[in-house]
$ cat entry_15.cif   # mmCIF, C-alpha atoms
data_query
loop_
_atom_site.label_atom_id
_atom_site.label_comp_id
_atom_site.auth_asym_id
_atom_site.auth_seq_id
_atom_site.Cartn_x
_atom_site.Cartn_y
_atom_site.Cartn_z
CA MET F 215 92.69 290.42 119.67
CA ILE F 216 91.46 291.19 123.17
CA TRP F 217 87.93 290.73 121.80
CA ARG F 218 88.82 287.28 120.51
CA LEU F 219 90.18 286.36 123.92
CA PHE F 220 87.01 287.62 125.57
CA VAL F 221 84.86 285.57 123.17
CA VAL F 222 86.86 282.41 123.84
CA VAL F 223 86.64 282.93 127.62
CA ALA F 224 82.87 283.52 127.40
CA ILE F 225 82.26 280.43 125.25
CA VAL F 226 84.46 278.21 127.40
CA SER F 227 82.83 279.33 130.64
CA PHE F 228 79.36 278.75 129.16
CA ALA F 229 80.54 275.35 127.94
CA LEU F 230 81.73 274.48 131.45
CA VAL F 231 78.38 275.46 132.95
CA PHE F 232 76.51 273.45 130.31
CA ALA F 233 78.81 270.47 130.77
CA SER F 234 78.09 270.39 134.49
CA LEU F 235 74.36 270.58 133.64
CA ALA F 236 74.63 267.72 131.15
CA ILE F 237 76.67 265.56 133.53
CA GLY F 238 74.34 266.14 136.45
CA TYR F 239 71.23 265.43 134.39
CA THR F 240 69.24 262.30 135.11
CA GLU F 241 66.11 261.30 133.26
CA GLN F 242 62.87 261.70 135.18
CA GLN F 243 61.45 258.38 136.32
CA SER F 244 57.91 259.66 136.78
CA LEU F 245 55.96 262.86 136.33
CA ARG F 246 56.27 265.72 138.79
CA PRO F 247 53.10 266.34 140.84
CA LEU F 248 51.93 269.37 138.82
CA ALA F 249 52.40 267.58 135.49
CA GLU F 250 50.71 264.48 136.85
CA SER F 251 47.66 266.45 137.94
CA TYR F 252 47.47 268.08 134.49
CA VAL F 253 47.64 264.68 132.77
CA ARG F 254 44.91 263.42 135.08
CA LEU F 255 42.71 266.54 134.99
CA VAL F 256 42.67 267.48 131.31
CA PRO F 257 41.00 264.27 130.02
CA HIS F 258 38.64 264.01 133.00
CA ALA F 259 37.63 267.59 133.72
CA LEU F 260 38.01 269.14 130.26
CA GLY F 261 37.30 266.12 128.05
CA ALA F 262 40.26 266.83 125.76
CA PRO F 263 42.50 263.88 124.75
CA ASN F 264 45.40 266.22 123.91
CA VAL F 265 46.73 267.33 127.27
CA ILE F 266 48.93 270.07 125.81
CA THR F 267 46.03 271.77 124.02
CA GLY F 268 44.03 271.56 127.23
CA ILE F 269 46.80 273.33 129.13
CA LEU F 270 47.35 275.93 126.41
CA LEU F 271 43.71 276.84 125.88
CA ASN F 272 42.30 276.38 129.36
CA TYR F 273 44.64 276.33 132.35
CA ARG F 274 47.13 278.64 130.69
CA GLY F 275 44.62 280.26 128.33
CA PHE F 276 45.42 283.66 129.72
CA ASP F 277 49.04 283.10 128.66
CA THR F 278 47.87 282.22 125.17
CA LEU F 279 45.83 285.41 125.03
CA GLY F 280 48.91 287.42 126.04
CA GLU F 281 50.95 285.61 123.42
CA VAL F 282 48.45 286.51 120.72
CA ALA F 283 48.68 290.09 121.97
CA VAL F 284 52.47 289.89 121.54
CA LEU F 285 51.99 288.69 117.96
CA PHE F 286 49.62 291.59 117.33
CA MET F 287 52.18 294.03 118.73
CA VAL F 288 54.86 292.52 116.49
CA ALA F 289 52.63 292.93 113.42
CA ALA F 290 52.04 296.55 114.42
CA SER F 291 55.70 297.30 115.15
CA VAL F 292 56.94 295.65 111.96
CA GLY F 293 54.45 297.81 110.11
CA LEU F 294 55.72 300.86 111.96
CA VAL F 295 59.40 300.10 111.33
CA LEU F 296 59.01 299.10 107.70
CA GLY F 297 56.12 301.38 106.79
CA ALA F 298 56.84 305.09 106.73
CA GLY F 299 59.77 306.72 105.02
CA ARG F 300 60.96 303.60 103.30
CA SER F 301 62.19 303.89 99.74
CA PRO F 302 59.17 303.27 97.52
CA ARG F 303 58.70 299.82 96.12
CA GLY F 304 60.49 298.94 92.94
CA VAL F 305 63.19 301.64 93.09
CA SER F 306 65.98 299.09 93.33
CA THR F 307 64.74 297.35 90.20
CA GLU F 308 65.36 300.24 87.80
CA ASP F 309 68.36 298.50 86.26
CA ARG F 310 66.09 295.66 85.22
CA SER F 311 63.16 295.98 82.86
CA ASP F 312 60.12 297.86 84.13
CA GLU F 313 57.81 294.90 84.55
CA PRO F 314 58.90 292.27 87.10
CA ARG F 315 59.39 288.97 85.35
CA PRO F 316 56.37 286.67 85.96
CA SER F 317 57.20 283.39 87.65
CA SER F 318 57.56 280.31 85.51
CA GLU F 319 54.82 277.88 84.49
CA ILE F 320 56.06 275.24 86.95
CA VAL F 321 55.98 277.60 89.90
CA ARG F 322 52.52 278.91 89.00
CA SER F 323 50.99 275.46 88.42
CA GLY F 324 52.60 274.17 91.62
CA THR F 325 51.16 277.07 93.56
CA GLU F 326 47.69 276.53 92.10
CA ILE F 327 47.76 272.91 93.20
CA LEU F 328 49.46 273.42 96.56
CA VAL F 329 47.63 276.43 97.99
CA PRO F 330 44.21 274.69 98.33
CA LEU F 331 45.90 271.56 99.73
CA VAL F 332 47.90 273.60 102.25
CA SER F 333 44.73 275.43 103.30
CA ILE F 334 42.84 272.17 103.82
CA PHE F 335 45.77 270.81 105.82
CA ALA F 336 45.71 273.94 107.98
CA ALA F 337 41.99 273.50 108.65
CA TYR F 338 42.64 269.84 109.55
CA ILE F 339 45.41 270.77 111.98
CA ILE F 340 43.29 273.45 113.64
CA MET F 341 40.17 271.30 113.95
CA ASN F 342 42.04 268.31 115.39
CA GLY F 343 43.91 270.35 117.98
CA HIS F 344 41.96 268.84 120.86
CA LEU F 345 42.22 265.26 119.55
CA SER F 346 45.79 264.85 118.32
CA ALA F 347 48.92 266.86 117.67
CA GLY F 348 47.92 270.26 116.33
CA GLY F 349 46.14 273.39 117.38
CA GLY F 350 45.57 277.02 116.61
CA PHE F 351 49.16 278.24 116.49
CA GLN F 352 50.40 275.45 114.27
CA GLY F 353 47.45 275.70 111.88
CA GLY F 354 47.77 279.47 111.74
CA ALA F 355 51.42 279.13 110.78
CA VAL F 356 50.43 276.73 107.98
CA ILE F 357 47.85 279.26 106.70
CA ALA F 358 50.56 281.91 106.66
CA SER F 359 52.83 279.55 104.73
CA SER F 360 50.23 279.34 101.95
CA VAL F 361 50.12 283.14 101.86
CA LEU F 362 53.94 283.12 101.65
CA LEU F 363 53.71 280.71 98.72
CA MET F 364 51.33 283.09 96.95
CA LEU F 365 53.65 286.03 97.61
CA LEU F 366 56.61 284.12 96.19
CA ALA F 367 54.83 282.80 93.11
CA TYR F 368 52.94 286.01 92.24
CA PRO F 369 55.12 289.04 93.06
CA GLN F 370 52.17 291.32 92.26
CA TYR F 371 49.80 289.49 94.59
CA GLN F 372 48.33 291.88 97.14
CA PRO F 373 46.58 290.30 100.14
CA ASN F 374 43.56 292.28 101.25
CA LEU F 375 45.03 293.91 104.36
CA GLU F 376 41.73 295.45 105.40
CA PHE F 377 39.99 292.09 105.30
CA LEU F 378 42.85 290.48 107.22
CA SER F 379 42.84 293.09 109.98
CA ILE F 380 39.03 293.00 110.35
CA THR F 381 39.02 289.18 110.51
CA GLU F 382 41.84 289.22 113.00
CA SER F 383 40.17 291.78 115.25
CA ALA F 384 36.86 289.89 115.09
CA ALA F 385 38.60 286.62 116.05
CA GLY F 386 40.37 288.35 118.93
CA VAL F 387 37.15 289.92 120.23
CA LEU F 388 35.33 286.57 120.00
CA PHE F 389 38.21 284.86 121.85
CA VAL F 390 37.95 287.34 124.72
CA LEU F 391 34.13 287.07 124.70
CA ALA F 392 34.40 283.27 124.95
CA GLY F 393 36.72 283.81 127.89
CA ILE F 394 34.27 286.14 129.59
CA ALA F 395 31.45 283.66 128.90
CA GLY F 396 33.52 281.13 130.82
CA LEU F 397 33.73 283.62 133.68
CA VAL F 398 29.94 283.98 133.73
CA LEU F 399 28.71 280.46 132.85
CA ALA F 400 31.50 278.19 134.11
CA GLY F 401 34.44 278.14 136.49
CA GLY F 402 36.60 281.02 135.29
CA PHE F 403 38.14 283.02 132.47
CA LEU F 404 38.50 280.88 129.30
CA ASP F 405 36.87 277.87 130.95
CA ASN F 406 35.88 275.49 128.14
CA ARG F 407 32.85 274.06 129.94
CA ILE F 408 30.51 276.74 128.55
CA LEU F 409 29.60 274.16 125.86
CA PRO F 410 28.74 270.51 126.57
CA LEU F 411 31.82 268.32 126.85
CA GLY F 412 30.37 265.64 124.57
CA GLN F 413 31.74 262.17 124.08
CA PHE F 414 35.44 261.79 124.90
CA GLY F 415 37.50 261.66 121.70
CA ALA F 416 34.69 262.69 119.36
CA PHE F 417 35.18 265.44 116.79
CA PHE F 418 32.76 267.83 118.51
CA SER F 419 33.82 267.42 122.11
CA ALA F 420 35.89 269.06 124.82
CA GLY F 421 33.49 271.99 125.16
CA ALA F 422 34.78 275.28 123.80
CA ILE F 423 38.32 274.08 123.01
CA PRO F 424 37.67 273.49 119.25
CA LEU F 425 36.00 276.91 119.03
CA LEU F 426 38.93 278.58 120.77
CA SER F 427 41.32 276.67 118.48
CA VAL F 428 39.55 277.95 115.38
CA LEU F 429 39.56 281.55 116.63
CA LEU F 430 43.23 281.27 117.58
CA GLY F 431 44.12 279.75 114.20
CA ILE F 432 42.33 282.50 112.28
CA LYS F 433 43.95 285.19 114.40
CA VAL F 434 47.47 283.78 114.15
CA GLY F 435 47.11 283.11 110.42
CA CYS F 436 45.97 286.69 109.75
CA GLU F 437 48.70 288.19 111.92
CA LEU F 438 51.49 286.16 110.33
CA SER F 439 50.15 286.96 106.85
CA VAL F 440 50.22 290.68 107.67
CA ILE F 441 53.81 290.35 108.96
CA LEU F 442 54.85 288.51 105.79
CA GLU F 443 53.22 291.13 103.59
CA LYS F 444 55.07 293.93 105.40
CA PHE F 445 58.41 292.29 104.67
CA ARG F 446 57.91 292.44 100.93
CA PRO F 447 60.37 294.78 99.16
CA MET Q 418 69.55 258.03 127.37
CA ILE Q 419 67.64 259.54 124.46
CA SER Q 420 66.88 262.69 126.39
CA SER Q 421 70.57 263.11 127.29
CA ILE Q 422 71.42 263.15 123.59
CA VAL Q 423 68.68 265.71 122.95
CA LEU Q 424 69.82 267.79 125.92
CA ILE Q 425 73.45 267.84 124.75
CA THR Q 426 72.34 268.75 121.22
CA GLY Q 427 70.35 271.66 122.59
CA LEU Q 428 73.22 272.88 124.76
CA LEU Q 429 75.61 272.66 121.78
CA LEU Q 430 73.16 274.67 119.66
CA ILE Q 431 73.09 277.37 122.35
CA LEU Q 432 76.91 277.47 122.33
CA ILE Q 433 77.05 277.66 118.51
CA GLY Q 434 74.50 280.47 118.55
CA LEU Q 435 76.45 282.37 121.19
CA TRP Q 436 79.66 281.94 119.24
CA GLY Q 437 78.00 283.21 116.07
CA LEU Q 438 76.55 286.14 117.99
CA LEU Q 439 79.92 287.22 119.38
CA THR Q 440 82.22 286.67 116.40
CA HIS Q 441 80.24 287.74 113.35
CA ARG Q 442 79.97 291.35 112.21
CA ASN Q 443 77.09 290.91 109.76
CA ILE Q 444 73.71 291.73 111.29
CA LEU Q 445 71.93 288.88 109.49
CA ARG Q 446 74.42 286.36 110.89
CA ILE Q 447 73.93 287.80 114.38
CA ILE Q 448 70.18 287.29 113.96
CA ILE Q 449 70.80 283.69 112.89
CA GLY Q 450 72.92 283.24 116.03
CA PHE Q 451 70.04 284.55 118.14
CA SER Q 452 67.61 282.13 116.49
CA LEU Q 453 69.99 279.22 117.04
CA MET Q 454 70.26 280.08 120.73
CA GLY Q 455 66.47 280.20 120.96
CA THR Q 456 66.08 276.85 119.21
CA GLY Q 457 68.67 275.31 121.52
CA THR Q 458 66.75 276.55 124.54
CA HIS Q 459 63.55 274.98 123.20
CA ILE Q 460 65.29 271.65 122.68
CA VAL Q 461 66.74 271.75 126.20
CA THR Q 462 63.30 272.48 127.68
CA VAL Q 463 61.69 269.59 125.81
CA ALA Q 464 64.53 267.25 126.83
CA ILE Q 465 64.10 268.13 130.51
CA GLY Q 466 60.40 267.29 130.24
CA TYR Q 467 61.08 263.74 129.06
CA VAL Q 468 60.08 260.85 131.30
CA ARG Q 469 61.73 257.45 130.91
CA ASN Q 470 59.83 255.34 128.36
CA GLY Q 471 57.33 258.15 128.01
CA THR Q 472 55.18 259.00 125.03
CA ALA Q 473 53.32 262.11 123.85
CA PRO Q 474 50.61 263.16 126.34
CA ILE Q 475 47.76 262.54 123.90
CA ILE Q 476 45.14 259.99 124.93
CA ASP Q 477 44.45 257.68 121.98
CA ARG Q 478 44.97 254.07 120.95
CA ALA Q 479 48.65 254.22 121.84
CA LEU Q 480 48.12 255.67 125.32
CA ASP Q 481 45.22 254.47 127.39
CA LEU Q 482 43.50 256.82 129.83
CA SER Q 483 44.23 254.57 132.82
CA GLU Q 484 47.99 254.43 132.24
CA ALA Q 485 48.36 258.05 131.10
CA THR Q 486 49.98 259.33 134.30
CA ALA Q 487 52.54 256.51 134.22
CA ARG Q 488 53.63 256.80 130.57
CA ALA Q 489 53.10 260.37 129.40
CA VAL Q 490 55.95 262.88 129.20
CA ASP Q 491 55.70 266.22 131.01
CA PRO Q 492 53.07 268.27 129.12
CA ILE Q 493 54.08 271.55 130.78
CA ALA Q 494 57.47 271.66 129.04
CA SER Q 495 55.81 271.07 125.66
CA ALA Q 496 53.17 273.74 126.29
CA LEU Q 497 55.87 276.23 127.31
CA VAL Q 498 57.88 275.46 124.17
CA VAL Q 499 54.85 276.02 121.92
CA THR Q 500 54.58 279.47 123.49
CA ALA Q 501 58.32 280.07 123.24
CA ILE Q 502 58.50 279.14 119.55
CA VAL Q 503 55.86 281.72 118.67
CA ILE Q 504 57.54 284.43 120.73
CA GLY Q 505 60.93 283.53 119.22
CA MET Q 506 59.47 283.91 115.75
CA ALA Q 507 58.03 287.29 116.73
CA VAL Q 508 61.40 288.48 118.06
CA THR Q 509 63.12 287.32 114.87
CA ALA Q 510 60.58 289.21 112.76
CA VAL Q 511 61.24 292.45 114.67
CA MET Q 512 65.02 291.97 114.42
CA LEU Q 513 64.77 291.42 110.66
CA ALA Q 514 62.60 294.52 110.26
CA PHE Q 515 65.25 296.58 112.06
CA ALA Q 516 67.96 294.99 109.92
CA ILE Q 517 66.10 296.12 106.79
CA ARG Q 518 65.87 299.69 108.10
CA LEU Q 519 69.55 299.71 109.12
CA TYR Q 520 70.49 298.54 105.63
CA ASP Q 521 68.33 301.29 104.13
CA SER Q 522 70.13 303.95 106.16
CA LYS Q 523 73.77 302.88 105.59
CA LYS Q 524 73.55 300.46 102.63
CA THR Q 525 75.56 297.93 104.60
CA LEU Q 526 74.75 295.20 107.11
CA SER Q 527 78.06 295.30 108.99
CA ILE Q 528 77.66 296.47 112.58
CA ASP Q 529 81.03 298.25 112.27
CA ALA Q 530 79.20 300.94 110.28
CA PHE Q 531 76.76 301.71 113.09
CA THR Q 532 78.86 303.57 115.64
CA GLU Q 533 76.44 306.34 116.69
CA SER Q 534 75.16 304.62 119.80
CA LYS Q 535 78.45 302.97 120.69
CA TRP Q 536 79.89 304.08 123.99
#
$ encode --input "entry_15.cif" --output "structure tokens"
Amino acid sequence: MIWRLFVVVAIVSFALVFASLAIGYTEQQSLRPLAESYVRLVPHALGAPNVITGILLNYRGFDTLGEVAVLFMVAASVGLVLGAGRSPRGVSTEDRSDEPRPSSEIVRSGTEILVPLVSIFAAYIIMNGHLSAGGGFQGGAVIASSVLLMLLAYPQYQPNLEFLSITESAAGVLFVLAGIAGLVLAGGFLDNRILPLGQFGAFFSAGAIPLLSVLLGIKVGCELSVILEKFRP
Amino acid sequence: MISSIVLITGLLLILIGLWGLLTHRNILRIIIGFSLMGTGTHIVTVAIGYVRNGTAPIIDRALDLSEATARAVDPIASALVVTAIVIGMAVTAVMLAFAIRLYDSKKTLSIDAFTESKW
């Protein structure tokens, strides 16, 4: 009972704080100076039409690197928590028949059609990250969703974990090397001007941003696929 | 106007998540409460970054380079939320992994069964 009272008091006090926030909120009429300089600088200095990708992969590229490191740590810790000492796979299925039931014709045909399409869509999202909405993280998540589809449709499907971890490490090393190349050849760590900026809005433009997008997409896709695989019963 | 609606939705989601976190005893529901709180925070951040009559900060046919600073919304809030979504997903994955291990050890997901570290 006292717990209930405490919960109600906590919720109501949070609601009061939020209500004062919502009442005092007024829409911005124009950009703040920092945001305005980003909107001005990214198309001019970096040659990327998508301002957000420019911020993520250049001005805050170090952040993105740390974030990828967090994802890597999560993949490792999920493997650690779910790996050793867990009841071996398939023990809980002894009451059913020995062989897991294969998925139905509809699910299998749908997977065969959808997985290539989803992969192409992921490549499209990654490669257009500097031109329109998209980028490495989003595309990587789409890649992982196709792996999830495979895991759901084929319970016996075993992604090649060795291949995934080697690809992921290689992408990570290349990402850091591209950053160091920026330190040597251009203005600073992860500077995209190590490659020619090209024509504004063209497919191959904005210097190293498409390259960094691809590396990021591969890395995120591999990491999320490894995490998904670890969660399998 | 539109951003006020989005802001209030986000704040309500945070409250719903907090309520779920405090009242439910099932670990999976607590994790869902956490995720709701995180999603609400993302929505609030995006709403704060909105500029009146603004559009996405992507230079294309709809947004000319010369008028970009006058019509684009705050790109920093969006960039922060992209980061926050990925980290939120990572935190959820770790929480779910621990939930699986807790279920393995006690064969229940109720937090009432886990009293060892309770003070």
$ resolve_selection --input "entry_15.cif" --expression "the PyMOL selection byres ((chain Q and resi 458-471) around 9)" --output "ChimeraX atom specification"
/F:239,241-245 /Q:418-428,430-431,453-457,472-474,487-495,497-499,501-502
$ resolve_selection --input "entry_15.cif" --expression "the PyMOL selection byres ((chain F and resi 293-298) around 9)" --output "JSON list (two decimals) with C-alpha atoms, keeping the file's coordinate frame"
[["chain", "number", "residue", "atom", "x", "y", "z"],
["F", 288, "VAL", "CA", 54.86, 292.52, 116.49],
["F", 289, "ALA", "CA", 52.63, 292.93, 113.42],
["F", 290, "ALA", "CA", 52.04, 296.55, 114.42],
["F", 291, "SER", "CA", 55.70, 297.30, 115.15],
["F", 292, "VAL", "CA", 56.94, 295.65, 111.96],
["F", 299, "GLY", "CA", 59.77, 306.72, 105.02],
["F", 300, "ARG", "CA", 60.96, 303.60, 103.30],
["F", 301, "SER", "CA", 62.19, 303.89, 99.74],
["F", 440, "VAL", "CA", 50.22, 290.68, 107.67],
["F", 441, "ILE", "CA", 53.81, 290.35, 108.96],
["F", 444, "LYS", "CA", 55.07, 293.93, 105.40],
["F", 445, "PHE", "CA", 58.41, 292.29, 104.67],
["Q", 511, "VAL", "CA", 61.24, 292.45, 114.67],
["Q", 514, "ALA", "CA", 62.60, 294.52, 110.26],
["Q", 515, "PHE", "CA", 65.25, 296.58, 112.06],
["Q", 517, "ILE", "CA", 66.10, 296.12, 106.79],
["Q", 518, "ARG", "CA", 65.87, 299.69, 108.10]]
$ residues_around --input "entry_15.cif" --residues "segment 436-440 of chain Q" --least-positions-apart "2" --cutoff "7 Å" --atoms "only C-alpha atoms" --output "ChimeraX atom specification"
/F:221,225 /Q:432-434,442,447,450-451
$ residues_around --input "entry_15.cif" --residues "segment 433-437 of chain F" --least-positions-apart "5" --cutoff "12 Å" --atoms "all atoms listed in the file" --output "ChimeraX atom specification"
/F:278-279,281-293,333,336-337,340,349-362,373-389,426-428,442-444 /Q:503,507,510
$ closest_residue --input "entry_15.cif" --among "Q:Ser452, Q:Leu480, Q:Leu445, Q:Thr486" --to "chain F" --atoms "all atoms listed in the file"
Q:Thr486
$ atom_distance --input "entry_15.cif" --atom1 "atom CA of Leu397 of chain F" --atom2 "atom CA of Arg246 of chain F"
29.2 Å
$ closest_residue --input "entry_15.cif" --among "F:Gly421, F:Gly401, F:Gly415, F:Gly393" --to "chain Q" --atoms "only C-alpha atoms"
F:Gly415
$ resolve_selection --input "entry_15.cif" --expression "the PyMOL selection byres ((chain F and resi 266) around 7)" --output "VMD selection string"
(chain F and resid 264 to 265 267 to 270) or (chain Q and resid 492 495 to 496)
$ closest_residue --input "entry_15.cif" --among "F:Ser323, F:Ser346, F:Gln372, F:Asn406" --to "chain Q" --atoms "only C-alpha atoms"
F:Ser346
$ atom_distance --input "entry_15.cif" --atom1 "atom CA of Leu409 of chain F" --atom2 "atom CA of Arg478 of chain Q"
25.8 Å
